[in-house]
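These notes are about the structure you will find just below.
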Protein chains: 2
Amino acid sequence: MSSVEAEDFYRIWRIDLSQQSLKYEPVPSAWLKLGGRALSARIMLDEVPPLCEPMGSNNKLIFAPGLFVGHMLSSCDRISIGAKSPLTGGIKEANAGGSTGLQMAFLGMKALILEGQLPEGLLQVLVLSKAGVRFDDGQDLTSKGVYQATSILQERYGEKAAIALIGPAGELRLASAGIQNLDKDSVPSRIAARGGLGAVMGSKGLKAIVFDASGCAKPPIFDLEAYRKAQKEFNRALLAHPQTETYRDYGTAAMTNLSESLGGLPTRNFSSGTFEYAEQISGENMRDLLRSRGGKSNTTHACMAGCTIRCSNVFADVEGKAVVSPLEYETIGLMGSNLGIGDLDAIARLNYQANDLGIDTIELGAALGVAAEAGLMEFGDWQAALGLIDEIRRNTPLGRVLGGGAALTGKVFGVERVPVVKGQAMSAYEPRAIKGTGVTYATSPQGASHTCGLTIRAKINHLDPEGQADLSRALQINNAGYDSLGACLFSAFGFNAVPHTIRELLTARYGWELPEDILQVLGRECLSAEREFNRRAGFNSSHDRLPEWMTKEPLPPHNTVFDVPEGDLDGVFNW
Amino acid sequence: MSSVEAEDFYRIWRIDLSQQSLKYEPVPSAWLKLGGRALSARIMLDEVPPLCEPMGSNNKLIFAPGLFVGHMLSSCDRISIGAKSPLTGGIKEANAGGSTGLQMAFLGMKALILEGQLPEGLLQVLVLSKAGVRFDDGQDLTSKGVYQATSILQERYGEKAAIALIGPAGELRLASAGIQNLDKDSVPSRIAARGGLGAVMGSKGLKAIVFDASGCAKPPIFDLEAYRKAQKEFNRALLAHPQTETYRDYGTAAMTNLSESLGGLPTRNFSSGTFEYAEQISGENMRDLLRSRGGKSNTTHACMAGCTIRCSNVFADVEGKAVVSPLEYETIGLMGSNLGIGDLDAIARLNYQANDLGIDTIELGAALGVAAEAGLMEFGDWQAALGLIDEIRRNTPLGRVLGGGAALTGKVFGVERVPVVKGQAMSAYEPRAIKGTGVTYATSPQGASHTCGLTIRAKINHLDPEGQADLSRALQINNAGYDSLGACLFSAFGFNAVPHTIRELLTARYGWELPEDILQVLGRECLSAEREFNRRAGFNSSHDRLPEWMTKEPLPPHNTVFDVPEGDLDGVFNW
């Protein structure tokens with residue numbers, strides 16, 4: 001097979017919703033060696049007016065599988081979804097596991113670009129298959145929760161197709177709405193959560209997109225032997241890493257105790273870094289709980305076919321009945337300690353409601369924390385939190401505010417202690433205690449986001465402002481690279497040991513000549529495109545800051561403020 | 001008298017609310033020849049961290065009388081109030097007539113700078129007099145409307161003192177809250193309305209500021225004879241201008257028919273530039289109505305002592321009972337045609353409620369227009385509008401959203417057609433029909449504001465994009481100059497005929513050597529400081545744009561979009 005053959009398998013699928021038309025386009029050469037997040041950023045920069053209204057007709061919604069996607073390489077079949085964000089007003093990419101990326105790759109989609117909008121009032125299901133596109137009426141799915149909508153869609157389109165769908169929150173165009181994808185067991189649990197992509201999908205008039213690759217072949221591999229060899233080496237390294245085992249045992253909830261021990265567990269609307277019930281919401285406690293419950297309970301579960309880490313879980317109630325899958329650390333931090341809630345069963349119920357609405361649990365948890373600060377609920381009162389979430393479902397003014405995210409909630413209720421950057425809520429790492437992650441929050445073109453560069457695992461003094469910018473820079477570059485490959489960030493447990501396999505896998509798959517540091521090359525190209533889009537959208541260094549109050553208000557227990565010098569923040573992208 | 005004597009009358013009064021202390025400071029030389037808006041901008045630039053939280057302790061609230069203030073020069077005793085805006089996140093100055101400026105000048109205040117915040121939960125009245133400052137408890141005024149609070153304050157502090165106060169909206173820290181000042185007849189009708197200055201005052205813990213100049217002398221005049229001579233010349237020119245008569249007859253409501261005739265009367269949330277009931281809400285109709293009603297009704301009323309224009313009015317009901325004073329064009333446009341309401345009596349009732357809450361009628365009218373578009377009320381239903389305003393008084397979530405302004409309302413309810421720039425609502429001139437004013441809206445450092453450069457009176461084709469930027473530039477410079485002098489923009493009817501009197505009046509008053517074009521020198525210095533503050537606060541050219549939908553959606557009846565080239569917008573401040 002020639003490199004050209006390997007490349008020619010892929011096309012751009014461009015759908016104009018206003019015209020209800022599909023055009024196949026060859027992949028432009030500037031886009032060819034990009035995938036996932038980097039490709040999405042490049043398309044945004046090339047095609048979307050940076051000052052457009054995010055929920056208007058000029059925004060585009062982009063689905064781009066990472067470069068690795070298509071062969072069940074462990075943890076490497078993620079889908080990137082991009083648009084201009086209704087939450088931040090800047091560029092947005094959110095990625096997810098599940099089956100969407102894989103089915104897209106089988107369909108030969110380098111990227112799916114959704115343009116324009118369906119006429120106001122329509123709600124449709126986009127069905128993409130070997131035969132092209134079909135626009136099915138989806139009016140009967142209006143206001144349906146994600147779980148019920150998934151059942152209906154699976155009945156209609158079969159159990160094998162991948163589905164990306166929105167819940168009521170996306171239909172209501174709430175800026176905290178994400179896009180759910182099915183995991184390998186068809187549970188709609190893999191959410192491209194952050195930045196309001198679900199609202200963009202809602203504004204386009206789409207309830208769901210079905211990716212049906214039946215009859216399609218796997219994507220070609222240029223040099224199968226070389227591919228298998230590199231794959232084996234990577235797999236071995238991944239399995240050998242102790243963290244792989246930790247994550248299989250405890251899931252991401254392993255982070256609770258780590259954050260707590262560093263005084264960085266967001267507690268009661270980011271007013272403390274330590275939580276008296278941390279132990280109760282730890283991964284260790286969750287594991288014991290789930291093991292004791294039996295039934296559907298499972299501490300180890302893979303979101304993508306072929307993943308050997310299996311960090312996901314199924315959280316079941318005392319009778320062993322599944323409540324939600326997965327229960328992740330970010331949700332535990334934002335909807336648990338951040339709300340003063342120390343009960344995993346309560347958090348799981350909140351999580352289920354958020355998932356069913358199709359809402360980012362980080363943004364919602366942060367918004368509820370701000371709401372609690374404004375007196376709309378008591379910290380610790382999970383039933384009150386459920387009541388507030390119900391306001392979203394009922395589309396009340398209060399619900400719309402909460403669903404609009406933490407920044408909007410703070411603005412409406414006049415709260416100064418709002419944990420956001422560029423309008424996006426911080427994840428479950430307190431930046432005054434874990435300052436490198438604070439640098440990432442401040443400077444990432446995505447707004448406050450841990451996946452853009454979480455520094456907590458570095459063996460350093462996280463309270464020291466010195467050197468944090470360098471650490472964040474390195475991680476931001478690498479993570480943007482992984483997001484462009486479709487590689488879960490946890491795949492780094494393997495790739496860090498055998499970094500050369502990244503280039504080998506790409507060369508074996510596509511026949512490309514690539515530099516040794518292709519991961520960083522991809523990462524830098526991605527970040528540069530994102531920064532440039534944001535610059536054109538009106539962002540500058542003043543937006544690369546944590547909120548002022550975090551530089552003034554000391555955080556218990558270490559009583560530190562965020563004090564990484566502004567010069568360091570402004571130097572993050574000097575490479 | 002020497003120039004130094006004339007200057008030395010003035011001091012900076014600096015009040016630290018956290019310490020409850022007052023410091024008198026000599027006027028720094030860089031501030032000496034500035035007043036009003038230009039002085040406020042300079043102080044902001046010199047002292048306020050541009051990225052501070054507008055309602056946090058680092059913001060300052062500045063009162064600065066214009067350079068002319070103190071001698072009842074017709075229409076020239078206005079007070080400028082400045083701060084970082086909770087509405088726009090940029091610099092803010094709003095000015096008002098009434099008696100505040102005059103009393104401040106008598107007290108020898110070059111500027112009053114309020115720093116810090118009172119401890120959370122306190123509400124106080126600041127009493128400023130010859131004796132210095134007193135902090136009086138104002139807890140009993142909590143939630144009191146502006147009218148009732150004024151009565152109580154006048155009983156307490158006498159009828160002669162000037163009072164600047166906030167209503168419930170300011171206490172609730174709503175970003176549409178203004179600061180009310182008493183007119184010469186002690187009616188709290190002169191609002192420094194725009195940009196949320198009332199919320200800043202509320203965040204500082206102040207319900208009211210009493211300026212009691214009893215026992216103070218008038219400010220000195222360096223050369224009284226020269227002053228009287230220039231004053232006479234200006235007065236003559238002002239009286240001779242036909243517009244002075246028009247405004248005395250019809251008030252600002254004279255604009256209704258002009259805007260309607262140009263297809264630029266904002267109607268039903270800026271979806272049309274023409275309103276079928278325009279005649280009913282015209283100045284001409286209002287005049288007939290008020291004349292027929294007798295009693296308190298009056299079409300001519302001065303807001304400041306000595307003003308010969310007397311554009312204000314007292315709007316009374318059928319029984320001649322005063323409803324509100326004044327009823328201005330901007331309110332008629334935003335709470336009338338923009339809401340589809342064609343009944344002056346209804347508009348007057350809405351106006352009264354807004355005044356009593358201490359809210360900018362422009363921002364509130366625009367927010368209600370967006371709310372109507374979102375289905376929260378029917379256009380034309382003034383009782384529904386009253387109901388929505390009542391939500392603000394009751395501090396419901398919906399009320400907080402509406403009170404947060406049009407941009408916030410649009411964000412919460414997912415409305416794209418939101419008439420704002422930099423987060424501030426447009427006034428009653430449709431920028432797609434009056435494009436020079438659109439340039440002002442787009443580029444003014446204040447956000448969308450007509451007082452920064454209203455082009456409607458120019459004898460040009462307002463639909464032609466050509467040349468509008470030059471027109472806007474000239475007006476923005478002049479108006480920033482007038483705002484720095486404390487001169488009502490209508491004083492230009494006089495000054496335009498005898499521009500040399502501006503320099504003569506200043507030289508006669510202060511003994512300063514000044515350039516001939518001192519008005520423009522002041523205006524440019526003011527705008528440069530404001531632009532620089534905004535730059536540091538994160539603004540750039542991308543913020544100097546009208547909302548995208550106004551460049552896409554044609555406006556009836558001319559079916560034009562806003563099409564002034566971006567290059568023209570970016571050139572407005574090249575002088």
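Going by the structure tokens order, chains are called A, B, ..., each with residues numbered from 1, while ligands are numbered from 1 in the order shown.
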Would you write out, as JSON lines, a table of all residues in segment 385-407 of chain A that have an atom no more than 8 Å from an atom of segment 168-174 of chain A, listing for each the closest atom pair and the distance in Å to one decimal, considering only C-alpha atoms and ordering rows by chain and rising residue number?
```
{"residue": "A:Ile392", "atom": "CA", "partner": "A:Ala169", "partner_atom": "CA", "distance": 7.6}
{"residue": "A:Arg393", "atom": "CA", "partner": "A:Pro168", "partner_atom": "CA", "distance": 7.0}
{"residue": "A:Asn395", "atom": "CA", "partner": "A:Leu172", "partner_atom": "CA", "distance": 7.7}
{"residue": "A:Arg400", "atom": "CA", "partner": "A:Leu174", "partner_atom": "CA", "distance": 6.8}
{"residue": "A:Gly403", "atom": "CA", "partner": "A:Leu174", "partner_atom": "CA", "distance": 5.4}
{"residue": "A:Gly404", "atom": "CA", "partner": "A:Leu174", "partner_atom": "CA", "distance": 5.2}
```
Could you give me, as a Markdown table, a per-residue list for chain A showing, wherever an atom lies at most 7 Å from an atom of chain B, the closest pair of atoms and their distance in Å to one decimal, using only C-alpha atoms and sorting by chain then residue number from low to high?
```
| residue | atom | partner | partner_atom | distance |
| --- | --- | --- | --- | --- |
| A:Cys52 | CA | B:Glu548 | CA | 6.2 |
| A:Glu53 | CA | B:Glu548 | CA | 6.7 |
| A:Arg173 | CA | B:Gly414 | CA | 6.4 |
| A:Pro397 | CA | B:Leu398 | CA | 5.4 |
| A:Leu398 | CA | B:Pro397 | CA | 5.4 |
| A:Arg400 | CA | B:Val412 | CA | 5.8 |
| A:Val401 | CA | B:Val412 | CA | 5.7 |
| A:Gly404 | CA | B:Val412 | CA | 6.5 |
| A:Val412 | CA | B:Val401 | CA | 5.7 |
| A:Phe413 | CA | B:Arg400 | CA | 6.9 |
| A:Gly414 | CA | B:Arg173 | CA | 6.5 |
| A:Ala537 | CA | B:Ser542 | CA | 6.5 |
| A:Gly538 | CA | B:Ser542 | CA | 5.0 |
| A:Asn540 | CA | B:Gly538 | CA | 6.3 |
| A:Ser542 | CA | B:Gly538 | CA | 5.1 |
| A:His543 | CA | B:Gly538 | CA | 6.7 |
| A:Glu548 | CA | B:Cys52 | CA | 6.3 |
```
I'd like the contact shell of segment 482-488 of chain A - 8 Å cut-off, only C-alpha atoms, skipping same-chain residues fewer than 3 positions apart - returned as a ChimeraX atom specification.
/A:34-39,65-69,75-80,95,97,478-479,491-492,519,522-523,526
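Residues with any atom within 9 Å of Ser3 of chain B, counting only C-alpha atoms and excluding same-chain neighbours fewer than 6 positions away, are Phe222, Arg509, Tyr510, Gly511 and Trp512 of chain B.
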Expected file contents, prior selection, C-alpha atoms, as a compact mmCIF listing (two decimals), in the first residue's frame:
```txt
# COMPACT_ATOMS: atom_id res chain seq x y z
CA PHE B 222 -9.86 84.70 38.64
CA ARG B 509 -12.27 81.36 36.02
CA TYR B 510 -8.89 79.77 36.69
CA GLY B 511 -6.32 82.13 35.21
CA TRP B 512 -4.93 79.39 32.99
```
From a DSSP pass on the backbone, collect the residues of segment 245-484 of chain B flagged as strand (DSSP E) and hand them back as a PDB file with C-alpha atoms, in the first residue's frame.
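Produced file selection_39.pdb, reproduced below:
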```pdb
ATOM      1  CA  ASN B 298     -45.374  71.015  32.747  1.00  0.00           C
ATOM      2  CA  THR B 299     -43.590  70.750  29.468  1.00  0.00           C
ATOM      3  CA  THR B 300     -40.771  73.017  30.515  1.00  0.00           C
ATOM      4  CA  HIS B 301     -38.625  72.496  33.552  1.00  0.00           C
ATOM      5  CA  SER B 312     -37.059  68.657  31.343  1.00  0.00           C
ATOM      6  CA  ASN B 313     -40.738  68.156  32.030  1.00  0.00           C
ATOM      7  CA  VAL B 314     -43.213  66.945  34.603  1.00  0.00           C
ATOM      8  CA  PHE B 315     -45.476  64.241  33.254  1.00  0.00           C
ATOM      9  CA  ALA B 316     -48.846  64.211  34.974  1.00  0.00           C
ATOM     10  CA  ALA B 322     -47.396  64.220  38.638  1.00  0.00           C
ATOM     11  CA  VAL B 323     -46.459  60.698  37.581  1.00  0.00           C
ATOM     12  CA  VAL B 324     -42.804  61.106  36.772  1.00  0.00           C
ATOM     13  CA  VAL B 420     -25.516  45.826  23.119  1.00  0.00           C
ATOM     14  CA  VAL B 421     -21.882  46.776  22.647  1.00  0.00           C
ATOM     15  CA  GLN B 424     -24.095  47.945  27.426  1.00  0.00           C
ATOM     16  CA  ALA B 425     -27.451  48.483  25.740  1.00  0.00           C
TER      17      ALA B 425
END
```
Please provide as a count of residues only all residues within 9 Å of segment 126-142 of chain A, with the sequence filter that same-chain residues fewer than 6 positions apart are discarded (counting only C-alpha atoms).
23
Would you kindly return, as a ChimeraX atom specification, each protein, DNA or RNA residue with an atom no farther than 12 Å from any atom of Asp223 of chain A, considering only C-alpha atoms and excluding same-chain residues fewer than 4 positions away?
/A:1-3,5-6,227-230,504-512
Residues at most 8 Å from Glu260 of chain B, counting only C-alpha atoms, excluding those fewer than 4 positions away in the same chain, as a PyMOL selection string?
chain B and resi 256+264-265+273-275+278
Can you list, as number ranges by chain, every residue of segment 37-109 of chain B that DSSP puts in alpha helix (DSSP H)?
B: 37-47, 100-106
I'd like to know which of A:Gln231, A:Glu25, A:Met304, A:Asp249 is closest to Leu102 of chain A, using only C-alpha atoms.
A:Met304
Atom pair atom CA of Leu122 of chain B + atom CA of Ser18 of chain B, distance 11.2 Å
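Interatomic distance, atom CA of Arg42 of chain A against atom CA of Gly196 of chain A: 19.5 Å.
Closest approach to Ala305 of chain B among B:Gln124, B:Asp185, B:Ala192, B:Pro565: B:Asp185, based on only C-alpha atoms.
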